[in-house]
Amino acid sequence: MSNTRRALFRSAWLPWALVLPQLLIIFVFFYWPTGEALYWAFTLEQPWGGGNAWVGWQNFAAVFSSEGYWHSVRISILYAASTTALAIGAALLLAMFVDREVKGSRGYRLAMIWPYAIAAPAIGIIFRFVFDPRSGVFAFLNQAAPGLWDPTLNGDHAMTMLVLAGAWQLVSYNFVFLLAGLQSIPRGLVEAAAMDGAGPLRRMRDLQAPLLAPTLFFLVIINMTDSFTHSFALVDVMTGGGPARSTDLMVYKIYSDGFKGLDYSGAAAQSIVLMLLVVGMTFLQFRFVERKLHYK
Amino acid sequence: MAAITLDHVSKTYPGATRASVDGVSLDLPEGAFVVVLGPSGCGKSTLLRMLAGLETITGGEARIAGRRVNELEPKDRGCAMVFQNYALYPHMSVADNIGYPLKVAGLPRAERAARVRAVAESLSLGEHLARRPGQLSGGQRQRVAIGRAMVREPRVFLFDEPLSNLDATLRVQMRAELRRLHERLGATSLLVTHDQVEAMTLADILVVMQAGRVEQVGPPRAVYDRPETRFVAGFLGSPPMNLMPGRVAGGGGAVALEDGPLVPLPGRLPAGLAVMLGIRPEHVTEGGPHAALVEMVEDLGSGRVVHARMQGVPVTLHAPAEATLRRGQPLRLGLPAARLHVFEAESGRRHEPAPLQAAEAALAG
């Protein structure tokens with residue numbers, strides 16, 4: 001029975017030839033670099049090239065015993081969680097407003113996804129101007145009380161600025177998915193809830209939010225992964241990891257340790273840890289969260 | 001006091017040139033089972049939704065128990081509604097679905113559970129309380145939807161084509177169940193349907209609608225026996241009433257059918273008036289003054305439907321199951337005067353022939 005739906009090739013090499021380009025791309029751009037990083041993580045690489053020595057777990061031991069690294073892990077998780085929460089929360093609110101007012105306006109949806117197409121460094125530049133303590137939009141705060149807003153000196157301010165910029169980019173993406181999810185909820189259900197006495201906020205909580213759960217789950221995974229791995233450009237352009245390493249996220253630390261500190265092996269070890277962290281996180285979410293979301 | 005009063009209620013959607021519901025006025029007594037019947041697109045569902053508060057009323061006034069409800073939120077109107085596609089919450093169990101209105105109303109958990117259980121038992125859903133709607137059959141889902149409406153003990157039940165998603169056997173069962181439920185609860189029920197059998201069997205009061213207007217209101221029997229308009233005559237009944245165009249002739253005492261025979265009337269009408277002469281298939285008699293030819297015979301099991309042609313006029317009649325009529329066979333038909341309905345051709349309104357004077361009748365006889 002199961003064979004009937006499978007396309008059968010008479011020759012042995014044709015199917016391989018057809019998937020070869022895809023396999024090649026994955027190999028060259030994913031498995032090869034990952035393999036190299038894995039190899040470097042267990043060797044000590046000379047800063048200017050010219051040979052390396054096998055050192056076993058020493059690179060990892062060095063990374064894990066470093067207080068700076070654990071700090072980086074903590075603020076990375078903080079950044080990812082805050083960005084995800086803010087981006088999904090804001091997008092949900094916007095999508096719910098739009099769902100109530102303008103049904104099915106495609107042009108509007110298209111316009112809403114554009115911010116996602118803006119390159120992260122460009123966003124970084126824009127928000128650097130917006131949040132500049134001396135000439136930005138919020139400079140008036142410093143006029144009122146000097147030092148009230150200064151992401152170049154205050155680590156918490158810098159982190160807030162990064163989270164806002166990171167969330168801003170994700171809001172548009174989340175909005176499109178959430179609006180589509182909301183519009184796929186049958187109108188009759190919302191009307192039934194209205195007849196049952198539930199007001200708009202109650203309906204959001206009891207009906208729309210649970211029915212959106214699969215979409216929300218998908219977005220949490222995408223947003224978290226994105227926050228861990230794609231925050232590099234924002235940090236690089238906006239704060240450079242500062243002030244005083246307060247925004248030294250894991251992905252930025254890999255770059256600065258490797259290419260500025262010339263500790264290739266330590267950076268390779270860190271990138272392996274980051275990869276395992278994201279893989280593990282995604283796995284856990286699928287294992288423990290996703291199974292609770294299906295009601296059919 | 002009337003449970004529901006509609007006073008010239010209208011609905012015109014923005015941008016529409018014609019009103020979907022056009023000045024409907026009704027007075028529905030407390031405790032009645034009212035069925036609104038009409039073809040699809042006649043505005044019957046819109047009327048129901050306006051009463052429920054899901055559509056705004058653009059003209060006129062709706063009152064429930066004497067209180068104007070035009071501006072009230074759905075939840076404040078004291079109505080519960082059963083939707084065509086049930087609209088059960090897929091992520092909640094049967095118990096949570098039924099109990100949701102109580103939960104929103106903020107009732108304590110224990111009281112909620114007791115009332116949900118009582119409602120579920122009365123609908124024989126007792127052993128399904130923990131299940132999700134997706135695990136239930138169509139009939140069970142329908143009962144959950146009814147339970148969710150019942151649990152609030154509303155004054156008014158609104159049903160939006162509640163049986164149209166069920167298969168034929170289940171529909172007959174649920175129809176009887178709805179009627180029993182209505183009798184037990186004693187609330188006012190308003191049901192919208194396009195199914196005339198449903199309408200005839202359920203209704204205390206039948207409202208026939210067409211193109212946004214009410215055509216006729218009354219007990220189903222009365223509407224069936226004495227349709228006020230040509231539309232109602234043709235819409236109610238299966239197979240539908242024979243409607244034959246003609247003109248009053250014979251000094252006002254008969255109708256000359258177009259391309260057909262002269263049919264005597266039970267009374268007098270203005271001579272020369274263009275009319276539609278109607279007679280139900282079950283009232284056409286076999287054996288009578290008019291010659292006809294059988295064109296087709298449909299066997300319904302319990303009887304037969306004969307399609308015949310009386311000169312140029314097609315006539316449908318009921319025949320017993322034993323009848324041995326065949327295609328092409330000649331037969332004679334009778335159109336009893338007492339069973340005739342006359343509608344003015346132009347307006348479609350019913351026209352009651354003026355009774356003959358006794359002497360005149362004796363002469364005519």
# chains A, B, ... in the order shown; residues from 1 in each chain; ligands from 1
call {"tool": "interface_residues", "arguments": {"of": "chain B", "to": "chain A", "cutoff": "8 Å", "atoms": "only C-alpha atoms", "output": "PyMOL selection string"}}
result
chain B and resi 52+54+74-76+79-81+83+85+87-91+100-101+104-105+132+134-135
call {"tool": "write_last_selection", "arguments": {"atoms": "N, CA and C atoms", "output": "PDB file, in the first residue's frame"}}
result
ATOM      1  N   ALA B  52     -30.571  38.903  17.760  1.00  0.00           N
ATOM      2  CA  ALA B  52     -29.530  38.399  18.657  1.00  0.00           C
ATOM      3  C   ALA B  52     -28.536  39.494  19.032  1.00  0.00           C
ATOM      4  N   LEU B  54     -26.134  40.441  16.703  1.00  0.00           N
ATOM      5  CA  LEU B  54     -24.923  40.214  15.915  1.00  0.00           C
ATOM      6  C   LEU B  54     -24.884  41.105  14.683  1.00  0.00           C
ATOM      7  N   PRO B  74     -25.241  41.780  22.704  1.00  0.00           N
ATOM      8  CA  PRO B  74     -25.901  40.472  22.615  1.00  0.00           C
ATOM      9  C   PRO B  74     -26.170  39.847  23.981  1.00  0.00           C
ATOM     10  N   LYS B  75     -25.185  39.954  24.881  1.00  0.00           N
ATOM     11  CA  LYS B  75     -25.321  39.257  26.166  1.00  0.00           C
ATOM     12  C   LYS B  75     -26.406  39.862  27.050  1.00  0.00           C
ATOM     13  N   ASP B  76     -26.770  41.122  26.781  1.00  0.00           N
ATOM     14  CA  ASP B  76     -27.764  41.768  27.640  1.00  0.00           C
ATOM     15  C   ASP B  76     -29.192  41.598  27.133  1.00  0.00           C
ATOM     16  N   CYS B  79     -31.112  36.482  25.135  1.00  0.00           N
ATOM     17  CA  CYS B  79     -31.308  35.476  24.083  1.00  0.00           C
ATOM     18  C   CYS B  79     -30.147  34.488  24.128  1.00  0.00           C
ATOM     19  N   ALA B  80     -30.435  33.249  23.755  1.00  0.00           N
ATOM     20  CA  ALA B  80     -29.357  32.302  23.502  1.00  0.00           C
ATOM     21  C   ALA B  80     -29.542  31.809  22.084  1.00  0.00           C
ATOM     22  N   MET B  81     -28.427  31.498  21.442  1.00  0.00           N
ATOM     23  CA  MET B  81     -28.533  31.155  20.029  1.00  0.00           C
ATOM     24  C   MET B  81     -27.844  29.831  19.743  1.00  0.00           C
ATOM     25  N   PHE B  83     -26.221  27.891  16.577  1.00  0.00           N
ATOM     26  CA  PHE B  83     -25.767  28.237  15.234  1.00  0.00           C
ATOM     27  C   PHE B  83     -25.867  27.048  14.284  1.00  0.00           C
ATOM     28  N   ASN B  85     -23.652  25.872  12.187  1.00  0.00           N
ATOM     29  CA  ASN B  85     -22.493  24.961  12.231  1.00  0.00           C
ATOM     30  C   ASN B  85     -22.069  24.693  13.676  1.00  0.00           C
ATOM     31  N   ALA B  87     -20.842  26.010  16.106  1.00  0.00           N
ATOM     32  CA  ALA B  87     -19.922  26.968  16.730  1.00  0.00           C
ATOM     33  C   ALA B  87     -19.494  26.546  18.126  1.00  0.00           C
ATOM     34  N   LEU B  88     -19.111  25.276  18.269  1.00  0.00           N
ATOM     35  CA  LEU B  88     -18.580  24.816  19.551  1.00  0.00           C
ATOM     36  C   LEU B  88     -17.114  25.221  19.645  1.00  0.00           C
ATOM     37  N   TYR B  89     -16.651  25.454  20.878  1.00  0.00           N
ATOM     38  CA  TYR B  89     -15.251  25.836  21.066  1.00  0.00           C
ATOM     39  C   TYR B  89     -14.401  24.577  20.981  1.00  0.00           C
ATOM     40  N   PRO B  90     -13.557  24.463  19.954  1.00  0.00           N
ATOM     41  CA  PRO B  90     -12.880  23.181  19.716  1.00  0.00           C
ATOM     42  C   PRO B  90     -11.863  22.827  20.795  1.00  0.00           C
ATOM     43  N   HIS B  91     -11.363  23.817  21.547  1.00  0.00           N
ATOM     44  CA  HIS B  91     -10.315  23.537  22.527  1.00  0.00           C
ATOM     45  C   HIS B  91     -10.885  23.268  23.906  1.00  0.00           C
ATOM     46  N   TYR B 100     -19.597  27.426  29.570  1.00  0.00           N
ATOM     47  CA  TYR B 100     -18.918  28.693  29.287  1.00  0.00           C
ATOM     48  C   TYR B 100     -19.754  29.929  29.613  1.00  0.00           C
ATOM     49  N   PRO B 101     -21.040  29.962  29.229  1.00  0.00           N
ATOM     50  CA  PRO B 101     -21.828  31.164  29.570  1.00  0.00           C
ATOM     51  C   PRO B 101     -21.876  31.404  31.077  1.00  0.00           C
ATOM     52  N   VAL B 104     -18.470  32.814  32.231  1.00  0.00           N
ATOM     53  CA  VAL B 104     -18.358  34.236  31.911  1.00  0.00           C
ATOM     54  C   VAL B 104     -19.203  35.060  32.887  1.00  0.00           C
ATOM     55  N   ALA B 105     -20.356  34.490  33.261  1.00  0.00           N
ATOM     56  CA  ALA B 105     -21.228  35.206  34.186  1.00  0.00           C
ATOM     57  C   ALA B 105     -20.670  35.202  35.604  1.00  0.00           C
ATOM     58  N   ARG B 132     -13.885  16.206  23.729  1.00  0.00           N
ATOM     59  CA  ARG B 132     -13.795  17.428  22.933  1.00  0.00           C
ATOM     60  C   ARG B 132     -14.820  17.344  21.806  1.00  0.00           C
ATOM     61  N   GLY B 134     -14.557  17.656  18.728  1.00  0.00           N
ATOM     62  CA  GLY B 134     -14.053  16.914  17.581  1.00  0.00           C
ATOM     63  C   GLY B 134     -14.284  15.424  17.680  1.00  0.00           C
ATOM     64  N   GLN B 135     -14.532  14.928  18.908  1.00  0.00           N
ATOM     65  CA  GLN B 135     -14.704  13.484  19.084  1.00  0.00           C
ATOM     66  C   GLN B 135     -16.172  13.076  19.071  1.00  0.00           C
TER      67      GLN B 135
END
call {"tool": "residues_around", "arguments": {"residues": "Ala291 (chain B)", "least_positions_apart": "3", "cutoff": "9 Å", "atoms": "only C-alpha atoms", "output": "PyMOL selection string"}}
result
chain B and resi 288+309-311+330-333
call {"tool": "closest_residue", "arguments": {"among": "A:Gly280, A:Gly241, A:Pro47, A:Pro121", "to": "Thr225 (chain A)", "atoms": "only C-alpha atoms"}}
result
A:Gly280
call {"tool": "closest_residue", "arguments": {"among": "A:Ile26, A:Val63, A:Ile118, A:Ala12", "to": "Ser271 (chain A)", "atoms": "only C-alpha atoms"}}
result
A:Val63
call {"tool": "residues_around", "arguments": {"residues": "region 259-266 of chain B", "least_positions_apart": "5", "cutoff": "6 Å", "atoms": "only C-alpha atoms", "output": "list in words"}}
result
Gly253, Ala254, Gln311, Gly312, Val313, Ala337 and Ala338 of chain B
call {"tool": "write_last_selection", "arguments": {"atoms": "N, CA and C atoms", "output": "mmCIF file, in the first residue's frame"}}
result
data_model
loop_
_atom_site.group_PDB
_atom_site.id
_atom_site.type_symbol
_atom_site.label_atom_id
_atom_site.label_comp_id
_atom_site.auth_asym_id
_atom_site.auth_seq_id
_atom_site.Cartn_x
_atom_site.Cartn_y
_atom_site.Cartn_z
ATOM 1 N N GLY B 253 -68.043 33.770 -12.854
ATOM 2 C CA GLY B 253 -68.186 32.570 -12.036
ATOM 3 C C GLY B 253 -67.209 31.476 -12.400
ATOM 4 N N ALA B 254 -66.291 31.756 -13.334
ATOM 5 C CA ALA B 254 -65.354 30.708 -13.737
ATOM 6 C C ALA B 254 -64.060 31.356 -14.224
ATOM 7 N N GLN B 311 -55.065 19.749 -21.648
ATOM 8 C CA GLN B 311 -54.814 20.540 -22.856
ATOM 9 C C GLN B 311 -53.381 21.090 -22.761
ATOM 10 N N GLY B 312 -53.241 22.436 -22.663
ATOM 11 C CA GLY B 312 -51.863 22.951 -22.579
ATOM 12 C C GLY B 312 -51.374 23.138 -21.160
ATOM 13 N N VAL B 313 -52.198 22.843 -20.152
ATOM 14 C CA VAL B 313 -51.863 23.215 -18.774
ATOM 15 C C VAL B 313 -51.310 22.020 -18.003
ATOM 16 N N ALA B 337 -64.315 23.070 -6.850
ATOM 17 C CA ALA B 337 -64.363 24.520 -6.690
ATOM 18 C C ALA B 337 -63.972 24.948 -5.277
ATOM 19 N N ALA B 338 -64.372 24.157 -4.273
ATOM 20 C CA ALA B 338 -64.102 24.553 -2.886
ATOM 21 C C ALA B 338 -62.620 24.536 -2.562
#
call {"tool": "residues_around", "arguments": {"residues": "Ser122 (chain B)", "least_positions_apart": "6", "cutoff": "12 Å", "atoms": "only C-alpha atoms", "output": "PyMOL selection string"}}
result
chain B and resi 115-116+143-144+146-147+150-151+177+180-181+184-185
call {"tool": "write_last_selection", "arguments": {"atoms": "N, CA, C and O atoms", "output": "PDB file, in the first residue's frame"}}
result
ATOM      1  N   ARG B 115     -25.139  22.638  37.331  1.00  0.00           N
ATOM      2  CA  ARG B 115     -26.064  23.003  36.261  1.00  0.00           C
ATOM      3  C   ARG B 115     -25.665  22.383  34.930  1.00  0.00           C
ATOM      4  O   ARG B 115     -26.525  21.951  34.153  1.00  0.00           O
ATOM      5  N   VAL B 116     -24.343  22.318  34.685  1.00  0.00           N
ATOM      6  CA  VAL B 116     -23.878  21.686  33.451  1.00  0.00           C
ATOM      7  C   VAL B 116     -24.296  20.224  33.437  1.00  0.00           C
ATOM      8  O   VAL B 116     -24.790  19.707  32.434  1.00  0.00           O
ATOM      9  N   ARG B 143     -26.478  18.655  20.080  1.00  0.00           N
ATOM     10  CA  ARG B 143     -27.043  18.685  21.428  1.00  0.00           C
ATOM     11  C   ARG B 143     -26.179  19.511  22.371  1.00  0.00           C
ATOM     12  O   ARG B 143     -26.703  20.179  23.264  1.00  0.00           O
ATOM     13  N   VAL B 144     -24.850  19.456  22.167  1.00  0.00           N
ATOM     14  CA  VAL B 144     -23.982  20.301  23.003  1.00  0.00           C
ATOM     15  C   VAL B 144     -24.306  21.772  22.750  1.00  0.00           C
ATOM     16  O   VAL B 144     -24.416  22.576  23.683  1.00  0.00           O
ATOM     17  N   ILE B 146     -27.096  23.017  21.800  1.00  0.00           N
ATOM     18  CA  ILE B 146     -28.376  23.330  22.442  1.00  0.00           C
ATOM     19  C   ILE B 146     -28.183  23.452  23.954  1.00  0.00           C
ATOM     20  O   ILE B 146     -28.739  24.349  24.594  1.00  0.00           O
ATOM     21  N   GLY B 147     -27.346  22.554  24.501  1.00  0.00           N
ATOM     22  CA  GLY B 147     -27.076  22.606  25.935  1.00  0.00           C
ATOM     23  C   GLY B 147     -26.450  23.918  26.352  1.00  0.00           C
ATOM     24  O   GLY B 147     -26.812  24.507  27.367  1.00  0.00           O
ATOM     25  N   MET B 150     -29.172  26.304  26.494  1.00  0.00           N
ATOM     26  CA  MET B 150     -30.132  26.058  27.569  1.00  0.00           C
ATOM     27  C   MET B 150     -29.632  26.487  28.933  1.00  0.00           C
ATOM     28  O   MET B 150     -30.399  26.935  29.779  1.00  0.00           O
ATOM     29  N   VAL B 151     -28.317  26.322  29.142  1.00  0.00           N
ATOM     30  CA  VAL B 151     -27.772  26.420  30.489  1.00  0.00           C
ATOM     31  C   VAL B 151     -27.988  27.811  31.095  1.00  0.00           C
ATOM     32  O   VAL B 151     -28.081  27.967  32.297  1.00  0.00           O
ATOM     33  N   GLU B 177     -36.995  16.202  19.019  1.00  0.00           N
ATOM     34  CA  GLU B 177     -36.346  16.541  20.278  1.00  0.00           C
ATOM     35  C   GLU B 177     -36.453  18.044  20.556  1.00  0.00           C
ATOM     36  O   GLU B 177     -36.689  18.458  21.684  1.00  0.00           O
ATOM     37  N   ARG B 180     -39.939  18.787  21.814  1.00  0.00           N
ATOM     38  CA  ARG B 180     -40.109  18.360  23.208  1.00  0.00           C
ATOM     39  C   ARG B 180     -39.405  19.317  24.163  1.00  0.00           C
ATOM     40  O   ARG B 180     -39.939  19.700  25.193  1.00  0.00           O
ATOM     41  N   LEU B 181     -38.195  19.695  23.758  1.00  0.00           N
ATOM     42  CA  LEU B 181     -37.392  20.607  24.565  1.00  0.00           C
ATOM     43  C   LEU B 181     -38.129  21.921  24.765  1.00  0.00           C
ATOM     44  O   LEU B 181     -38.209  22.464  25.862  1.00  0.00           O
ATOM     45  N   ARG B 184     -40.867  21.592  27.220  1.00  0.00           N
ATOM     46  CA  ARG B 184     -40.406  21.436  28.592  1.00  0.00           C
ATOM     47  C   ARG B 184     -39.927  22.763  29.173  1.00  0.00           C
ATOM     48  O   ARG B 184     -40.174  23.082  30.325  1.00  0.00           O
ATOM     49  N   LEU B 185     -39.203  23.542  28.354  1.00  0.00           N
ATOM     50  CA  LEU B 185     -38.593  24.757  28.876  1.00  0.00           C
ATOM     51  C   LEU B 185     -39.564  25.924  28.917  1.00  0.00           C
ATOM     52  O   LEU B 185     -39.427  26.824  29.733  1.00  0.00           O
TER      53      LEU B 185
END
call {"tool": "atom_distance", "arguments": {"atom1": "CA of Val55 (chain A)", "atom2": "CA of Ala269 (chain A)"}}
result
11.9 Å
call {"tool": "residues_around", "arguments": {"residues": "Leu164 (chain A)", "least_positions_apart": "2", "cutoff": "9 Å", "atoms": "only C-alpha atoms", "output": "short mmCIF file (atom, residue, chain, number, x, y, z; two decimals) with N, CA and C atoms, in the first residue's frame"}}
result
data_model
loop_
_atom_site.label_atom_id
_atom_site.label_comp_id
_atom_site.auth_asym_id
_atom_site.auth_seq_id
_atom_site.Cartn_x
_atom_site.Cartn_y
_atom_site.Cartn_z
N THR A 83 12.89 40.06 23.87
CA THR A 83 12.58 40.40 22.48
C THR A 83 11.37 39.60 21.99
N LEU A 86 8.12 40.76 23.75
CA LEU A 86 7.69 42.07 23.27
C LEU A 86 7.19 41.98 21.83
N ALA A 87 7.93 41.25 20.99
CA ALA A 87 7.57 41.18 19.57
C ALA A 87 6.24 40.46 19.39
N PHE A 127 17.98 52.93 14.59
CA PHE A 127 17.66 53.01 16.01
C PHE A 127 18.77 53.69 16.80
N MET A 159 20.74 47.69 26.76
CA MET A 159 20.01 46.44 26.52
C MET A 159 18.58 46.73 26.10
N THR A 160 17.94 47.70 26.76
CA THR A 160 16.57 48.09 26.40
C THR A 160 16.51 48.51 24.93
N MET A 161 17.50 49.31 24.53
CA MET A 161 17.55 49.79 23.16
C MET A 161 17.66 48.62 22.18
N LEU A 162 18.53 47.65 22.51
CA LEU A 162 18.69 46.47 21.64
C LEU A 162 17.39 45.69 21.53
N GLY A 166 15.38 44.96 18.18
CA GLY A 166 15.19 43.58 17.76
C GLY A 166 13.72 43.23 17.64
N ALA A 167 12.92 43.69 18.61
CA ALA A 167 11.49 43.39 18.59
C ALA A 167 10.80 44.09 17.42
N TRP A 168 11.25 45.32 17.16
CA TRP A 168 10.63 46.10 16.08
C TRP A 168 10.68 45.32 14.77
N GLN A 169 11.83 44.69 14.55
CA GLN A 169 11.98 43.96 13.30
C GLN A 169 11.08 42.73 13.25
#
call {"tool": "closest_residue", "arguments": {"among": "B:Val36, B:Leu6, B:Leu102, B:Val342", "to": "Gly60 (chain B)", "atoms": "only C-alpha atoms"}}
result
B:Leu6
call {"tool": "residues_around", "arguments": {"residues": "Ile272 (chain A)", "least_positions_apart": "4", "cutoff": "7 Å", "atoms": "only C-alpha atoms", "output": "list in words"}}
result
Leu38, Ala268 and Leu276 of chain A
call {"tool": "write_last_selection", "arguments": {"atoms": "N, CA and C atoms", "output": "PDB file, in the first residue's frame"}}
result
ATOM      1  N   LEU A  38      33.754  22.396  14.651  1.00  0.00           N
ATOM      2  CA  LEU A  38      33.851  21.308  15.626  1.00  0.00           C
ATOM      3  C   LEU A  38      35.309  20.884  15.783  1.00  0.00           C
ATOM      4  N   ALA A 268      35.437  29.042  18.314  1.00  0.00           N
ATOM      5  CA  ALA A 268      34.844  27.844  17.711  1.00  0.00           C
ATOM      6  C   ALA A 268      34.094  27.043  18.764  1.00  0.00           C
ATOM      7  N   LEU A 276      24.416  24.092  19.989  1.00  0.00           N
ATOM      8  CA  LEU A 276      23.759  23.065  20.793  1.00  0.00           C
ATOM      9  C   LEU A 276      22.652  23.664  21.646  1.00  0.00           C
TER      10      LEU A 276
END
call {"tool": "closest_atom_pairs", "arguments": {"of": "region 56-110 of chain A", "to": "region 212-215 of chain A", "cutoff": "12 Å", "atoms": "only C-alpha atoms", "output": "JSON lines"}}
result
{"residue": "A:Ile88", "atom": "CA", "partner": "A:Thr215", "partner_atom": "CA", "distance": 10.6}
{"residue": "A:Leu92", "atom": "CA", "partner": "A:Leu212", "partner_atom": "CA", "distance": 9.9}
{"residue": "A:Ala95", "atom": "CA", "partner": "A:Leu212", "partner_atom": "CA", "distance": 11.6}
{"residue": "A:Met96", "atom": "CA", "partner": "A:Leu212", "partner_atom": "CA", "distance": 11.4}
call {"tool": "write_last_selection", "arguments": {"atoms": "N, CA and C atoms", "output": "mmCIF file, in the first residue's frame"}}
result
data_model
loop_
_atom_site.group_PDB
_atom_site.id
_atom_site.type_symbol
_atom_site.label_atom_id
_atom_site.label_comp_id
_atom_site.auth_asym_id
_atom_site.auth_seq_id
_atom_site.Cartn_x
_atom_site.Cartn_y
_atom_site.Cartn_z
ATOM 1 N N ILE A 88 6.027 39.371 20.127
ATOM 2 C CA ILE A 88 4.780 38.625 19.961
ATOM 3 C C ILE A 88 3.625 39.381 20.605
ATOM 4 N N LEU A 92 0.516 40.643 18.487
ATOM 5 C CA LEU A 92 -0.806 40.078 18.803
ATOM 6 C C LEU A 92 -1.826 41.201 18.975
ATOM 7 N N ALA A 95 -2.533 42.710 15.574
ATOM 8 C CA ALA A 95 -3.315 41.794 14.730
ATOM 9 C C ALA A 95 -4.759 41.737 15.201
ATOM 10 N N MET A 96 -4.968 41.786 16.518
ATOM 11 C CA MET A 96 -6.342 41.727 17.024
ATOM 12 C C MET A 96 -7.122 42.977 16.648
#
call {"tool": "residues_around", "arguments": {"residues": "Trp40 (chain A)", "least_positions_apart": "4", "cutoff": "10 Å", "atoms": "only C-alpha atoms", "output": "list in words"}}
result
Thr34, Gly35, Glu36, Leu44, Glu45, Asn52, Ala53, Trp54, Val55, Asn59, Tyr264, Ser265, Gly266, Ala267, Ala268 and Ala269 of chain A
call {"tool": "atom_distance", "arguments": {"atom1": "CA of Val237 (chain A)", "atom2": "CA of Tyr173 (chain A)"}}
result
22.0 Å
call {"tool": "atom_distance", "arguments": {"atom1": "CA of Ala91 (chain A)", "atom2": "CA of Ile113 (chain A)"}}
result
11.3 Å
call {"tool": "closest_residue", "arguments": {"among": "B:Ala110, B:Val197, B:Leu191, B:Val255", "to": "Val172 (chain B)", "atoms": "only C-alpha atoms"}}
result
B:Val197
call {"tool": "select_by_dssp", "arguments": {"residues": "region 176-251 of chain B", "states": "helix (DSSP H, G or I)", "output": "ChimeraX atom specification"}}
result
/B:176-185,196-202,220-225,230-235,250-251
